[in-house]
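Engineer: Below you'll find input-v4.cif; it's mmCIF, C-alpha atoms.
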data_start
#
loop_
_atom_site.label_atom_id
_atom_site.label_comp_id
_atom_site.auth_asym_id
_atom_site.auth_seq_id
_atom_site.Cartn_x
_atom_site.Cartn_y
_atom_site.Cartn_z
CA MET A 7 -56.37 34.85 27.83
CA GLU A 8 -57.96 38.01 29.16
CA ALA A 9 -59.15 37.85 32.74
CA ILE A 10 -62.40 36.01 33.28
CA GLU A 11 -64.61 35.11 36.18
CA PHE A 12 -65.51 31.46 36.49
CA VAL A 13 -68.71 30.13 37.96
CA ARG A 14 -69.79 26.55 38.37
CA PRO A 15 -73.57 26.37 38.83
CA LYS A 16 -75.03 23.17 40.17
CA SER A 17 -78.46 23.65 38.63
CA LEU A 18 -80.11 25.14 35.59
CA ALA A 19 -81.67 27.84 37.77
CA GLU A 20 -78.25 28.84 39.06
CA ALA A 21 -76.93 28.88 35.51
CA TYR A 22 -79.72 31.16 34.29
CA GLU A 23 -79.03 33.48 37.20
CA SER A 24 -75.34 33.66 36.34
CA LEU A 25 -76.19 34.34 32.72
CA GLY A 26 -78.57 37.07 33.77
CA ASN A 27 -76.13 39.08 35.86
CA GLY A 28 -75.20 41.45 33.05
CA LYS A 29 -71.68 40.12 32.45
CA THR A 30 -70.64 39.08 28.94
CA SER A 31 -70.76 35.35 29.38
CA PHE A 32 -70.04 32.13 27.56
CA VAL A 33 -71.05 28.74 28.81
CA LEU A 34 -68.40 26.06 29.02
CA ALA A 35 -68.82 22.41 28.17
CA GLY A 36 -65.70 20.61 26.93
CA GLY A 37 -63.87 23.84 26.22
CA THR A 38 -62.03 22.51 23.20
CA ASP A 39 -63.45 25.32 21.08
CA LEU A 40 -64.17 28.00 23.67
CA ILE A 41 -60.88 27.99 25.56
CA VAL A 42 -58.91 28.18 22.33
CA GLN A 43 -61.13 30.99 21.04
CA LEU A 44 -60.83 32.97 24.27
CA ARG A 45 -57.05 32.61 24.22
CA GLU A 46 -56.90 33.76 20.63
CA GLY A 47 -59.23 36.68 21.20
CA ARG A 48 -61.78 35.35 18.74
CA ARG A 49 -64.42 35.37 21.42
CA HIS A 50 -64.52 37.56 24.47
CA ALA A 51 -65.98 36.71 27.84
CA ASP A 52 -66.00 38.42 31.20
CA GLN A 53 -67.59 35.35 32.74
CA VAL A 54 -67.36 31.66 31.91
CA VAL A 55 -70.19 29.48 33.20
CA ASP A 56 -69.20 25.82 33.54
CA LEU A 57 -72.21 23.65 32.78
CA LYS A 58 -70.64 20.28 33.53
CA HIS A 59 -71.95 20.08 37.10
CA ILE A 60 -75.60 20.44 36.13
CA PRO A 61 -77.17 16.97 36.01
CA GLU A 62 -79.41 17.58 32.98
CA LEU A 63 -76.41 18.55 30.88
CA VAL A 64 -74.25 15.53 31.36
CA GLY A 65 -75.01 11.97 30.38
CA LEU A 66 -77.17 9.95 28.05
CA SER A 67 -80.74 9.15 28.91
CA TRP A 68 -82.97 6.82 26.94
CA GLN A 69 -86.61 7.85 27.13
CA PRO A 70 -89.61 5.51 27.36
CA ASP A 71 -90.56 6.34 23.77
CA GLY A 72 -87.13 5.30 22.53
CA ALA A 73 -85.70 8.79 22.15
CA LEU A 74 -82.16 9.47 23.34
CA ASN A 75 -81.56 12.62 25.35
CA ILE A 76 -77.91 13.65 25.04
CA GLY A 77 -76.90 16.09 27.75
CA ALA A 78 -75.42 19.03 25.88
CA ALA A 79 -72.12 18.88 27.77
CA THR A 80 -71.60 15.11 27.50
CA PRO A 81 -68.15 14.26 26.11
CA CYS A 82 -68.03 12.51 22.73
CA ALA A 83 -66.09 9.66 24.33
CA GLU A 84 -69.07 8.84 26.54
CA ILE A 85 -71.22 8.63 23.46
CA TYR A 86 -69.06 6.21 21.55
CA GLU A 87 -68.33 4.07 24.60
CA ASN A 88 -72.04 3.48 25.11
CA ALA A 89 -73.14 0.00 24.02
CA ASP A 90 -76.74 1.05 23.39
CA VAL A 91 -75.65 3.92 21.17
CA LYS A 92 -73.35 1.57 19.25
CA GLN A 93 -76.26 -0.70 18.59
CA LYS A 94 -79.11 1.75 18.00
CA LEU A 95 -77.48 4.95 16.71
CA PRO A 96 -74.14 4.02 15.17
CA ALA A 97 -74.17 7.16 13.01
CA LEU A 98 -73.72 9.20 16.19
CA ILE A 99 -70.54 7.29 16.74
CA ASP A 100 -69.38 8.02 13.18
CA SER A 101 -69.46 11.68 14.18
CA ALA A 102 -68.40 11.52 17.81
CA SER A 103 -65.29 9.53 16.95
CA LEU A 104 -64.22 11.95 14.21
CA ILE A 105 -64.39 15.25 16.09
CA GLY A 106 -60.75 16.15 16.80
CA GLY A 107 -58.74 13.28 18.19
CA ILE A 108 -58.96 11.07 21.24
CA GLN A 109 -57.85 13.90 23.53
CA VAL A 110 -60.46 16.27 22.19
CA GLN A 111 -63.16 13.59 22.38
CA GLY A 112 -62.47 13.16 26.08
CA ARG A 113 -63.87 16.65 26.64
CA ALA A 114 -65.66 17.94 23.54
CA SER A 115 -69.42 17.58 23.47
CA LEU A 116 -71.97 17.30 20.67
CA GLY A 117 -73.77 20.20 22.33
CA GLY A 118 -70.67 22.33 22.01
CA ASN A 119 -70.14 21.16 18.45
CA VAL A 120 -73.70 22.26 17.66
CA CYS A 121 -73.55 25.61 19.46
CA ASN A 122 -70.13 26.52 18.10
CA ALA A 123 -71.96 26.23 14.77
CA SER A 124 -69.00 25.77 12.50
CA PRO A 125 -70.33 25.11 9.01
CA ALA A 126 -67.91 22.16 8.94
CA ALA A 127 -68.99 20.69 12.28
CA ASP A 128 -68.84 16.91 12.19
CA GLY A 129 -71.67 16.35 14.64
CA ILE A 130 -74.33 18.41 12.96
CA PRO A 131 -75.15 16.63 9.66
CA THR A 132 -75.63 13.38 11.55
CA LEU A 133 -77.92 14.98 14.09
CA ILE A 134 -79.92 16.58 11.28
CA ALA A 135 -80.17 13.27 9.44
CA LEU A 136 -81.42 11.61 12.62
CA GLY A 137 -84.10 14.28 13.02
CA ALA A 138 -82.56 15.56 16.24
CA VAL A 139 -84.08 18.42 18.18
CA ALA A 140 -82.29 21.02 20.30
CA VAL A 141 -84.01 21.38 23.65
CA THR A 142 -83.05 24.74 25.09
CA GLY A 143 -83.71 26.46 28.37
CA LYS A 144 -83.70 29.91 29.82
CA ARG A 145 -85.19 31.54 32.87
CA ALA A 146 -88.51 32.11 31.13
CA GLY A 147 -88.87 28.58 29.85
CA SER A 148 -87.81 26.09 27.25
CA ARG A 149 -88.17 25.58 23.54
CA GLU A 150 -87.47 22.86 21.00
CA ILE A 151 -85.73 23.62 17.75
CA PRO A 152 -85.13 21.08 14.97
CA LEU A 153 -81.38 20.99 14.42
CA GLU A 154 -81.67 22.09 10.82
CA GLU A 155 -83.22 25.35 12.07
CA PHE A 156 -80.64 25.98 14.77
CA PHE A 157 -78.06 27.84 12.67
CA ALA A 158 -78.05 31.42 11.47
CA GLY A 159 -74.67 31.60 9.77
CA PRO A 160 -71.05 30.55 10.20
CA GLY A 161 -70.42 30.32 13.92
CA LYS A 162 -73.89 31.62 14.71
CA ASN A 163 -76.67 29.70 16.38
CA VAL A 164 -80.19 30.90 17.15
CA LEU A 165 -79.87 30.87 20.93
CA GLU A 166 -81.00 34.08 22.58
CA PRO A 167 -79.10 35.82 25.39
CA GLY A 168 -79.49 33.84 28.59
CA GLU A 169 -80.59 30.74 26.68
CA ILE A 170 -78.59 27.54 26.71
CA LEU A 171 -78.76 24.25 24.92
CA VAL A 172 -79.69 21.72 27.59
CA VAL A 173 -80.24 18.48 25.75
CA ILE A 174 -80.04 17.20 22.18
CA ARG A 175 -82.94 14.83 21.72
CA VAL A 176 -82.56 12.17 19.09
CA PRO A 177 -86.08 10.91 18.43
CA PRO A 178 -86.89 7.21 18.15
CA GLN A 179 -85.74 6.20 14.71
CA PRO A 180 -88.16 4.92 12.06
CA PRO A 181 -88.33 1.14 11.78
CA ARG A 182 -86.13 -0.40 9.08
CA SER A 183 -83.90 2.66 8.97
CA GLY A 184 -80.19 3.27 9.13
CA ALA A 185 -77.96 6.33 9.10
CA PHE A 186 -74.31 7.03 8.28
CA PHE A 187 -71.87 9.94 8.37
CA ASN A 188 -68.62 10.51 6.51
CA ARG A 189 -66.32 13.36 5.65
CA PHE A 190 -63.35 14.24 3.48
CA ILE A 191 -60.14 15.49 5.10
CA PRO A 192 -56.54 15.71 3.87
CA ARG A 193 -55.08 13.46 6.58
CA ASN A 194 -56.62 10.42 8.26
CA GLU A 195 -57.67 12.10 11.48
CA MET A 196 -57.84 15.44 13.22
CA ASP A 197 -58.57 17.82 10.33
CA ILE A 198 -61.53 20.08 9.76
CA ALA A 199 -63.85 18.67 7.11
CA VAL A 200 -63.43 19.91 3.56
CA ALA A 201 -66.93 18.52 3.10
CA ASN A 202 -69.08 16.11 5.06
CA ALA A 203 -72.42 14.36 4.66
CA ALA A 204 -74.89 12.27 6.62
CA ALA A 205 -77.90 10.34 5.43
CA ARG A 206 -80.69 8.27 6.88
CA ILE A 207 -82.92 6.04 4.82
CA GLN A 208 -85.91 3.99 5.81
CA LEU A 209 -86.75 0.90 3.80
CA SER A 210 -90.09 -0.66 3.00
CA GLU A 211 -90.93 -3.93 4.69
CA ASP A 212 -89.62 -5.92 1.76
CA GLY A 213 -86.49 -3.77 1.69
CA ASN A 214 -86.91 -2.92 -1.97
CA THR A 215 -88.09 0.68 -1.73
CA ILE A 216 -86.93 3.76 0.15
CA GLU A 217 -89.85 4.94 2.27
CA SER A 218 -88.21 8.01 3.74
CA ALA A 219 -84.87 9.75 3.63
CA ARG A 220 -82.94 12.61 5.16
CA VAL A 221 -79.71 13.94 3.70
CA SER A 222 -77.56 16.59 5.36
CA ILE A 223 -74.35 18.12 4.07
CA GLY A 224 -71.80 20.33 5.79
CA ALA A 225 -68.77 22.53 5.13
CA VAL A 226 -70.29 23.55 1.80
CA ALA A 227 -72.52 26.44 2.85
CA PRO A 228 -72.72 29.05 5.61
CA THR A 229 -74.55 26.47 7.71
CA PRO A 230 -75.03 22.69 7.55
CA LEU A 231 -77.92 21.93 5.21
CA LEU A 232 -80.85 19.56 5.18
CA VAL A 233 -81.21 18.78 1.48
CA GLN A 234 -84.89 18.24 0.77
CA ALA A 235 -84.25 17.70 -2.95
CA ALA A 236 -81.97 14.76 -2.17
CA ALA A 237 -84.70 13.14 -0.09
CA GLU A 238 -87.19 13.67 -2.91
CA ALA A 239 -84.82 11.93 -5.30
CA LEU A 240 -84.86 8.88 -3.05
CA VAL A 241 -88.37 8.37 -1.70
CA GLY A 242 -90.27 5.72 -3.61
CA LYS A 243 -87.15 4.59 -5.45
CA ALA A 244 -85.23 1.37 -5.16
CA PRO A 245 -82.17 1.76 -2.94
CA ASN A 246 -79.65 1.43 -5.72
CA ALA A 247 -76.75 3.27 -7.28
CA GLU A 248 -78.99 5.20 -9.64
CA ALA A 249 -81.09 6.64 -6.82
CA PHE A 250 -78.04 7.42 -4.71
CA GLN A 251 -76.41 9.13 -7.68
CA ALA A 252 -79.48 11.31 -8.18
CA ALA A 253 -79.49 12.22 -4.50
CA GLY A 254 -75.76 12.97 -4.68
CA GLU A 255 -76.35 15.32 -7.58
CA ALA A 256 -79.12 17.04 -5.67
CA ALA A 257 -76.75 17.49 -2.75
CA ALA A 258 -74.08 18.96 -5.01
CA ALA A 259 -76.63 21.34 -6.45
CA ALA A 260 -77.69 22.45 -2.99
CA ALA A 261 -74.12 22.99 -1.88
CA ASN A 262 -73.02 26.60 -1.93
CA PRO A 263 -69.35 26.40 -0.93
CA ILE A 264 -66.53 28.90 -0.93
CA ASP A 265 -62.93 28.69 -2.06
CA ASP A 266 -60.66 28.59 0.94
CA MET A 267 -57.39 27.05 2.06
CA ARG A 268 -59.06 23.69 2.61
CA GLY A 269 -60.69 23.34 -0.76
CA GLY A 270 -62.19 24.94 -3.82
CA ILE A 271 -65.77 25.38 -4.92
CA ALA A 272 -65.70 22.74 -7.65
CA GLN A 273 -63.98 20.24 -5.40
CA ARG A 274 -66.45 20.79 -2.61
CA LYS A 275 -69.44 20.41 -4.87
CA HIS A 276 -67.97 17.19 -6.19
CA LEU A 277 -67.28 15.98 -2.65
CA SER A 278 -70.84 16.76 -1.64
CA LYS A 279 -72.03 14.35 -4.30
CA VAL A 280 -69.53 11.62 -3.49
CA LEU A 281 -69.93 11.85 0.28
CA THR A 282 -73.70 11.84 -0.03
CA ILE A 283 -73.56 8.70 -2.14
CA ARG A 284 -71.26 7.06 0.41
CA ALA A 285 -73.48 8.19 3.26
CA LEU A 286 -76.45 6.62 1.52
CA GLU A 287 -74.58 3.40 0.91
CA GLY A 288 -73.63 3.27 4.57
CA ALA A 289 -77.15 4.13 5.67
CA TYR A 290 -78.59 1.47 3.39
CA ALA A 291 -76.28 -1.20 4.81
CA ARG A 292 -77.39 -0.30 8.32
CA ALA A 293 -81.05 -0.10 7.32
CA LYS A 294 -80.86 -3.63 5.91
CA GLU A 295 -79.64 -4.86 9.28
CA ASN A 296 -82.80 -3.39 10.79
CA LEU A 297 -85.24 -5.05 8.38
CA MET B 131 -57.66 39.85 40.16
CA GLN B 132 -59.12 37.37 42.57
CA ARG B 133 -57.45 34.00 42.50
CA SER B 134 -59.38 30.77 42.85
CA HIS B 135 -58.50 28.03 45.29
CA VAL B 136 -58.32 24.66 43.59
CA GLN B 137 -58.07 21.31 45.31
CA THR B 138 -57.09 18.40 43.17
CA ARG B 139 -55.57 14.95 43.34
CA LEU B 140 -52.35 15.22 41.32
CA ASN B 141 -50.25 12.13 40.63
CA GLY B 142 -51.89 10.39 43.54
CA GLU B 143 -51.38 13.20 46.01
CA ASP B 144 -54.00 15.64 47.32
CA ILE B 145 -52.74 19.13 46.65
CA ASP B 146 -54.14 22.61 46.34
CA PHE B 147 -53.11 25.75 44.54
CA LEU B 148 -54.25 29.26 43.72
CA CYS B 149 -54.74 30.35 40.16
CA GLU B 150 -56.58 32.86 38.02
CA PRO B 151 -59.61 31.45 36.23
CA ARG B 152 -58.07 32.34 32.89
CA GLN B 153 -55.08 30.06 33.40
CA THR B 154 -55.22 26.73 31.61
CA LEU B 155 -54.29 23.55 33.41
CA LEU B 156 -51.18 23.43 31.24
CA GLU B 157 -50.08 26.88 32.40
CA VAL B 158 -50.64 26.05 36.05
CA LEU B 159 -48.86 22.69 35.86
CA ARG B 160 -45.79 24.30 34.35
CA ASP B 161 -45.72 27.83 35.76
CA GLU B 162 -47.26 27.43 39.21
CA LEU B 163 -46.62 23.82 40.13
CA LYS B 164 -43.28 23.65 38.28
CA LEU B 165 -44.19 20.30 36.76
CA THR B 166 -42.54 21.06 33.46
CA GLY B 167 -42.72 17.54 32.06
CA THR B 168 -45.98 18.49 30.35
CA LYS B 169 -45.10 20.60 27.32
CA GLU B 170 -46.72 23.43 25.40
CA GLY B 171 -46.71 22.76 21.67
CA CYS B 172 -49.65 24.48 20.04
CA SER B 173 -51.98 25.56 22.84
CA ASN B 174 -54.99 24.80 20.66
CA GLY B 175 -55.62 21.10 21.06
CA ASN B 176 -53.78 19.85 17.98
CA CYS B 177 -50.36 18.51 18.97
CA GLY B 178 -50.81 16.49 22.17
CA ALA B 179 -47.59 17.73 23.82
CA CYS B 180 -49.69 18.87 26.77
CA ASN B 181 -51.46 15.57 27.35
CA VAL B 182 -52.43 14.59 30.87
CA MET B 183 -55.00 12.21 32.31
CA PHE B 184 -58.01 14.06 33.74
CA ASN B 185 -60.55 12.00 35.67
CA GLY B 186 -59.38 8.92 33.82
CA ARG B 187 -59.54 10.48 30.37
CA LEU B 188 -56.76 11.51 28.05
CA VAL B 189 -57.06 15.27 27.49
CA ASN B 190 -55.20 18.26 26.13
CA SER B 191 -54.41 20.28 29.24
CA CYS B 192 -54.19 23.42 27.10
CA CYS B 193 -57.94 23.09 26.58
CA VAL B 194 -58.82 22.68 30.27
CA LEU B 195 -59.02 25.60 32.67
CA ALA B 196 -57.04 24.95 35.85
CA VAL B 197 -60.11 25.82 37.92
CA GLU B 198 -61.88 22.87 36.30
CA ALA B 199 -59.41 20.59 38.11
CA ASP B 200 -61.11 21.33 41.42
CA GLY B 201 -62.25 17.98 42.73
CA ALA B 202 -60.66 16.15 39.80
CA GLU B 203 -57.89 13.60 39.48
CA VAL B 204 -54.93 14.49 37.28
CA THR B 205 -51.97 12.42 36.19
CA THR B 206 -49.00 13.98 34.45
CA ILE B 207 -45.85 12.45 32.97
CA GLU B 208 -44.21 12.91 36.33
CA GLY B 209 -46.68 10.39 37.71
CA VAL B 210 -45.97 7.62 35.22
CA ALA B 211 -42.79 6.12 36.64
CA CYS B 212 -43.57 4.33 39.88
CA GLY B 213 -41.17 4.55 42.81
CA GLY B 214 -38.20 5.21 40.57
CA GLN B 215 -39.13 2.33 38.29
CA LEU B 216 -39.78 3.29 34.66
CA HIS B 217 -43.03 2.22 33.10
CA PRO B 218 -42.49 -0.27 30.26
CA LEU B 219 -43.44 2.45 27.78
CA GLN B 220 -40.65 4.65 29.10
CA GLU B 221 -38.25 1.73 28.76
CA THR B 222 -39.26 0.86 25.22
CA PHE B 223 -39.25 4.50 24.07
CA LEU B 224 -35.60 4.61 25.13
CA GLU B 225 -34.75 1.21 23.67
CA GLU B 226 -36.45 1.89 20.33
CA ALA B 227 -35.08 5.46 20.04
CA ALA B 228 -38.66 6.70 19.89
CA LEU B 229 -37.53 10.20 20.77
CA GLN B 230 -34.94 12.71 19.60
CA CYS B 231 -35.64 16.20 20.90
CA GLY B 232 -38.13 14.72 23.32
CA ILE B 233 -40.63 17.55 23.39
CA CYS B 234 -43.51 15.39 22.18
CA THR B 235 -42.47 12.43 24.29
CA PRO B 236 -44.30 13.11 27.56
CA GLY B 237 -47.49 13.56 25.56
CA PHE B 238 -46.88 10.36 23.62
CA ILE B 239 -46.18 8.40 26.79
CA ILE B 240 -49.33 9.65 28.51
CA ALA B 241 -51.40 9.01 25.38
CA SER B 242 -49.91 5.55 24.75
CA LYS B 243 -50.38 4.56 28.36
CA ALA B 244 -53.99 5.68 28.20
CA LEU B 245 -54.49 3.35 25.24
CA LEU B 246 -52.67 0.33 26.64
CA ASP B 247 -54.46 0.69 29.99
CA ARG B 248 -57.78 0.40 28.16
CA GLU B 249 -56.93 -1.81 25.19
CA PRO B 250 -54.05 -4.11 26.04
CA ASP B 251 -54.40 -5.83 22.66
CA ALA B 252 -54.50 -2.74 20.46
CA ASP B 253 -53.08 -3.49 17.02
CA GLU B 254 -50.85 -1.17 15.02
CA GLY B 255 -53.74 0.45 13.19
CA ARG B 256 -55.52 1.19 16.45
CA ILE B 257 -52.33 2.57 17.98
CA ARG B 258 -51.76 4.89 15.04
CA HIS B 259 -55.37 6.04 15.12
CA TRP B 260 -55.29 6.66 18.87
CA LEU B 261 -52.04 8.64 18.60
CA ALA B 262 -53.29 10.85 15.75
CA GLY B 263 -53.57 13.72 18.23
CA ASN B 264 -49.87 13.56 19.09
CA LEU B 265 -47.47 15.20 16.64
CA CYS B 266 -43.72 14.50 16.37
CA ARG B 267 -41.26 16.48 14.27
CA CYS B 268 -38.24 14.28 14.78
CA THR B 269 -38.88 10.57 14.60
CA GLY B 270 -41.23 9.94 11.72
CA TYR B 271 -43.51 8.06 14.13
CA ASP B 272 -42.46 4.52 13.17
CA LYS B 273 -40.17 4.11 16.16
CA ILE B 274 -42.84 5.46 18.45
CA VAL B 275 -45.32 2.89 17.17
CA LYS B 276 -42.70 0.13 17.53
CA ALA B 277 -42.05 1.25 21.09
CA VAL B 278 -45.75 1.12 21.93
CA LEU B 279 -46.10 -2.37 20.42
CA SER B 280 -43.03 -3.51 22.30
CA ALA B 281 -44.36 -2.10 25.58
CA GLU B 282 -47.66 -3.84 24.90
CA GLU B 283 -45.85 -7.18 24.77
CA ARG B 284 -43.89 -6.38 27.88
CA LEU B 285 -47.08 -5.42 29.75
CA LYS B 286 -48.75 -8.67 28.80
CA GLU B 287 -45.85 -10.56 30.33
CA ALA B 288 -45.76 -8.41 33.46
CA PRO B 289 -48.81 -6.17 33.91
CA THR B 290 -48.21 -3.00 35.91
CA LYS B 291 -50.62 -0.32 37.15
#
Can you give me the file's structure in the form of structure tokens?
Structural biologist:
Amino acid sequence: MEAIEFVRPKSLAEAYESLGNGKTSFVLAGGTDLIVQLREGRRHADQVVDLKHIPELVGLSWQPDGALNIGAATPCAEIYENADVKQKLPALIDSASLIGGIQVQGRASLGGNVCNASPAADGIPTLIALGAVAVTGKRAGSREIPLEEFFAGPGKNVLEPGEILVVIRVPPQPPRSGAFFNRFIPRNEMDIAVANAAARIQLSEDGNTIESARVSIGAVAPTPLLVQAAAEALVGKAPNAEAFQAAGEAAAAAANPIDDMRGGIAQRKHLSKVLTIRALEGAYARAKENL
Amino acid sequence: MQRSHVQTRLNGEDIDFLCEPRQTLLEVLRDELKLTGTKEGCSNGNCGACNVMFNGRLVNSCCVLAVEADGAEVTTIEGVACGGQLHPLQETFLEEAALQCGICTPGFIIASKALLDREPDADEGRIRHWLAGNLCRCTGYDKIVKAVLSAEERLKEAPTK
């Protein structure tokens, strides 16, 4: 790796100051993307700012309204070891337990997964399906960005210079809803997704109609997508195979994948449909538990 | 280039070292501290040869900057045997021929120990899933899994630390 300076701020204010000192900087959470990229020359930094000693950035905090604030630098392992998350937001665990392997999950954060902005990121479709919001901060203030609006292209997020992701806020989930994430990879673990998909559906009180839905697909476009057409194919319908099939087809239509070493265009479009259907089946099963 | 002073608890002992911020923990363990039990396989978080315990978590030391170890607790393969006594995993790896060239073995031992310390009843499926981040070219993995299962039995009979 090229020479870097390393700073370890203990507060957000200190972090903003370090980021404002004119040096080309990257912030460091788990480092499982950044350190590799710096070593390989894919990213360049003169200064690395370690965020893991800033209280707001580490840990899970349930809010009085039922929202979950995920500190942007919280390791995935902390997320899936949390009993409340297992019970209330199991889809988060679908994602957090699939990013890399156990070793990666001991360090890698959902915040880093989001900001690294790989189109194939395994954390992002779930967060989009859950309606998550990126809460950012910089010296001048803070803003909130729905996750589906956080990405500008492959590897590009919408953060401005000096701005960091502080917390990912997962809002309180609608009653009678459930969410699920799945992906397709060549092996059983470790790979980068050829395609992935997350869905959340909310059922009517009698469980026979879909009241609301969110479907998000990844690795099949320059950024992860929120597929509005898939939701429209579901709302007001019975939660059955026919509706899920229609939503899957809408997802495939929205997918805009490339041919690369992991998969081809036709395969990825097909996977978008299948994974969306499976995500909906999984979401439905969880929604039924919450009736 | 200014070097950073890092204080860390390594294999139960408080030590300190100087390093450049750009050096990974893996590089410092091997090149500065001469603890060459931890191996470099891929340097990008895929193979697990560099596994160490960091603040109680199994990590790829190639993806940790050495400066991040300041104030942290690190355990390497050199810290697994206790007072000259092999850990049951080390015994069963030998007995089951769970190594040939041995380059992946320190990583597998650290990773397996991390699992058995947390989940003493892990079944084969769980073991294989947990070890997905450790790659082996020689053994075909079956003997490794057998060794872990065997060590699990041995630990239930005589739990160690």
Engineer: Taking all atoms listed in the file into account, what are the residues of chain B at most 8 Å from chain A, put as a short mmCIF file (atom, residue, chain, number, x, y, z; two decimals) with C-alpha atoms, in the frame of the given file?
Structural biologist:
data_model
loop_
_atom_site.label_atom_id
_atom_site.label_comp_id
_atom_site.auth_asym_id
_atom_site.auth_seq_id
_atom_site.Cartn_x
_atom_site.Cartn_y
_atom_site.Cartn_z
CA MET B 131 -57.66 39.85 40.16
CA GLU B 150 -56.58 32.86 38.02
CA PRO B 151 -59.61 31.45 36.23
CA ARG B 152 -58.07 32.34 32.89
CA GLN B 153 -55.08 30.06 33.40
CA SER B 173 -51.98 25.56 22.84
CA ASN B 174 -54.99 24.80 20.66
CA GLY B 175 -55.62 21.10 21.06
CA ASN B 176 -53.78 19.85 17.98
CA GLY B 178 -50.81 16.49 22.17
CA ASN B 181 -51.46 15.57 27.35
CA ARG B 187 -59.54 10.48 30.37
CA LEU B 188 -56.76 11.51 28.05
CA VAL B 189 -57.06 15.27 27.49
CA ASN B 190 -55.20 18.26 26.13
CA CYS B 193 -57.94 23.09 26.58
CA VAL B 194 -58.82 22.68 30.27
CA LEU B 195 -59.02 25.60 32.67
CA VAL B 197 -60.11 25.82 37.92
CA HIS B 259 -55.37 6.04 15.12
CA TRP B 260 -55.29 6.66 18.87
CA LEU B 261 -52.04 8.64 18.60
CA ALA B 262 -53.29 10.85 15.75
CA GLY B 263 -53.57 13.72 18.23
#
Engineer: Using the chain letters and numbering of this document, enumerate as a tab-separated table (two decimals) with C-alpha atoms, keeping the file's coordinate frame the residues selected by the PyMOL selection byres ((chain A and resi 143) around 12).
Structural biologist:
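As written to disk, expr.tsv reads:
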chain	number	residue	atom	x	y	z
A	17	SER	CA	-78.46	23.65	38.63
A	18	LEU	CA	-80.11	25.14	35.59
A	19	ALA	CA	-81.67	27.84	37.77
A	21	ALA	CA	-76.93	28.88	35.51
A	22	TYR	CA	-79.72	31.16	34.29
A	25	LEU	CA	-76.19	34.34	32.72
A	62	GLU	CA	-79.41	17.58	32.98
A	63	LEU	CA	-76.41	18.55	30.88
A	78	ALA	CA	-75.42	19.03	25.88
A	140	ALA	CA	-82.29	21.02	20.30
A	141	VAL	CA	-84.01	21.38	23.65
A	142	THR	CA	-83.05	24.74	25.09
A	144	LYS	CA	-83.70	29.91	29.82
A	145	ARG	CA	-85.19	31.54	32.87
A	146	ALA	CA	-88.51	32.11	31.13
A	147	GLY	CA	-88.87	28.58	29.85
A	148	SER	CA	-87.81	26.09	27.25
A	149	ARG	CA	-88.17	25.58	23.54
A	150	GLU	CA	-87.47	22.86	21.00
A	151	ILE	CA	-85.73	23.62	17.75
A	165	LEU	CA	-79.87	30.87	20.93
A	166	GLU	CA	-81.00	34.08	22.58
A	167	PRO	CA	-79.10	35.82	25.39
A	168	GLY	CA	-79.49	33.84	28.59
A	169	GLU	CA	-80.59	30.74	26.68
A	170	ILE	CA	-78.59	27.54	26.71
A	171	LEU	CA	-78.76	24.25	24.92
A	172	VAL	CA	-79.69	21.72	27.59
A	173	VAL	CA	-80.24	18.48	25.75
A	174	ILE	CA	-80.04	17.20	22.18
Engineer: Run the PyMOL selection byres ((chain B and resi 139-148) around 6) on the file and write out the hits as an mmCIF file with C-alpha atoms, in the coordinates of the input.
Structural biologist:
data_model
loop_
_atom_site.group_PDB
_atom_site.id
_atom_site.type_symbol
_atom_site.label_atom_id
_atom_site.label_comp_id
_atom_site.auth_asym_id
_atom_site.auth_seq_id
_atom_site.Cartn_x
_atom_site.Cartn_y
_atom_site.Cartn_z
ATOM 1 C CA ARG B 133 -57.450 34.000 42.500
ATOM 2 C CA SER B 134 -59.380 30.770 42.850
ATOM 3 C CA HIS B 135 -58.500 28.030 45.290
ATOM 4 C CA VAL B 136 -58.320 24.660 43.590
ATOM 5 C CA GLN B 137 -58.070 21.310 45.310
ATOM 6 C CA THR B 138 -57.090 18.400 43.170
ATOM 7 C CA CYS B 149 -54.740 30.350 40.160
ATOM 8 C CA GLU B 203 -57.890 13.600 39.480
ATOM 9 C CA VAL B 204 -54.930 14.490 37.280
ATOM 10 C CA THR B 205 -51.970 12.420 36.190
ATOM 11 C CA GLY B 209 -46.680 10.390 37.710
#
Engineer: Kindly give the distance, in Å, that separates atom CA of Asn27 of chain A and atom CA of Val55 of chain A, rounded to a single decimal.
Structural biologist: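 Atom-to-atom, atom CA of Asn27 of chain A to atom CA of Val55 of chain A, that is 11.6 Å.
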Engineer: Evaluated on this file, the PyMOL selection byres ((chain A and resi 215) around 10) picks out some residues - which ones are they, written as a list of chain:residue names?
Structural biologist: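 Selection result, ordered by chain and number: A:Ile207, A:Gln208, A:Leu209, A:Ser210, A:Glu211, A:Asp212, A:Gly213, A:Asn214, A:Ile216, A:Glu217, A:Ser218, A:Leu240, A:Val241, A:Gly242, A:Lys243, A:Ala244, A:Pro245, A:Asn246.
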Engineer: Given the point (-67.2, 23.8, -3.8) in the coordinates of this file, which residues lie within 9 Å, counting all atoms listed in the file, and how would they look as a list of chain:residue names?
Structural biologist: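 Residues lying no farther than 9 Å from the given point: A:Ala201, A:Val226, A:Ala227, A:Ala258, A:Ala261, A:Asn262, A:Pro263, A:Ile264, A:Asp265, A:Gly269, A:Gly270, A:Ile271, A:Ala272, A:Gln273, A:Arg274, A:Lys275, A:His276, A:Leu277, A:Ser278.
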Engineer: What gap, in Å, lies between atom CA of Cys268 of chain B and atom CA of Cys231 of chain B?
Structural biologist: 6.9 Å
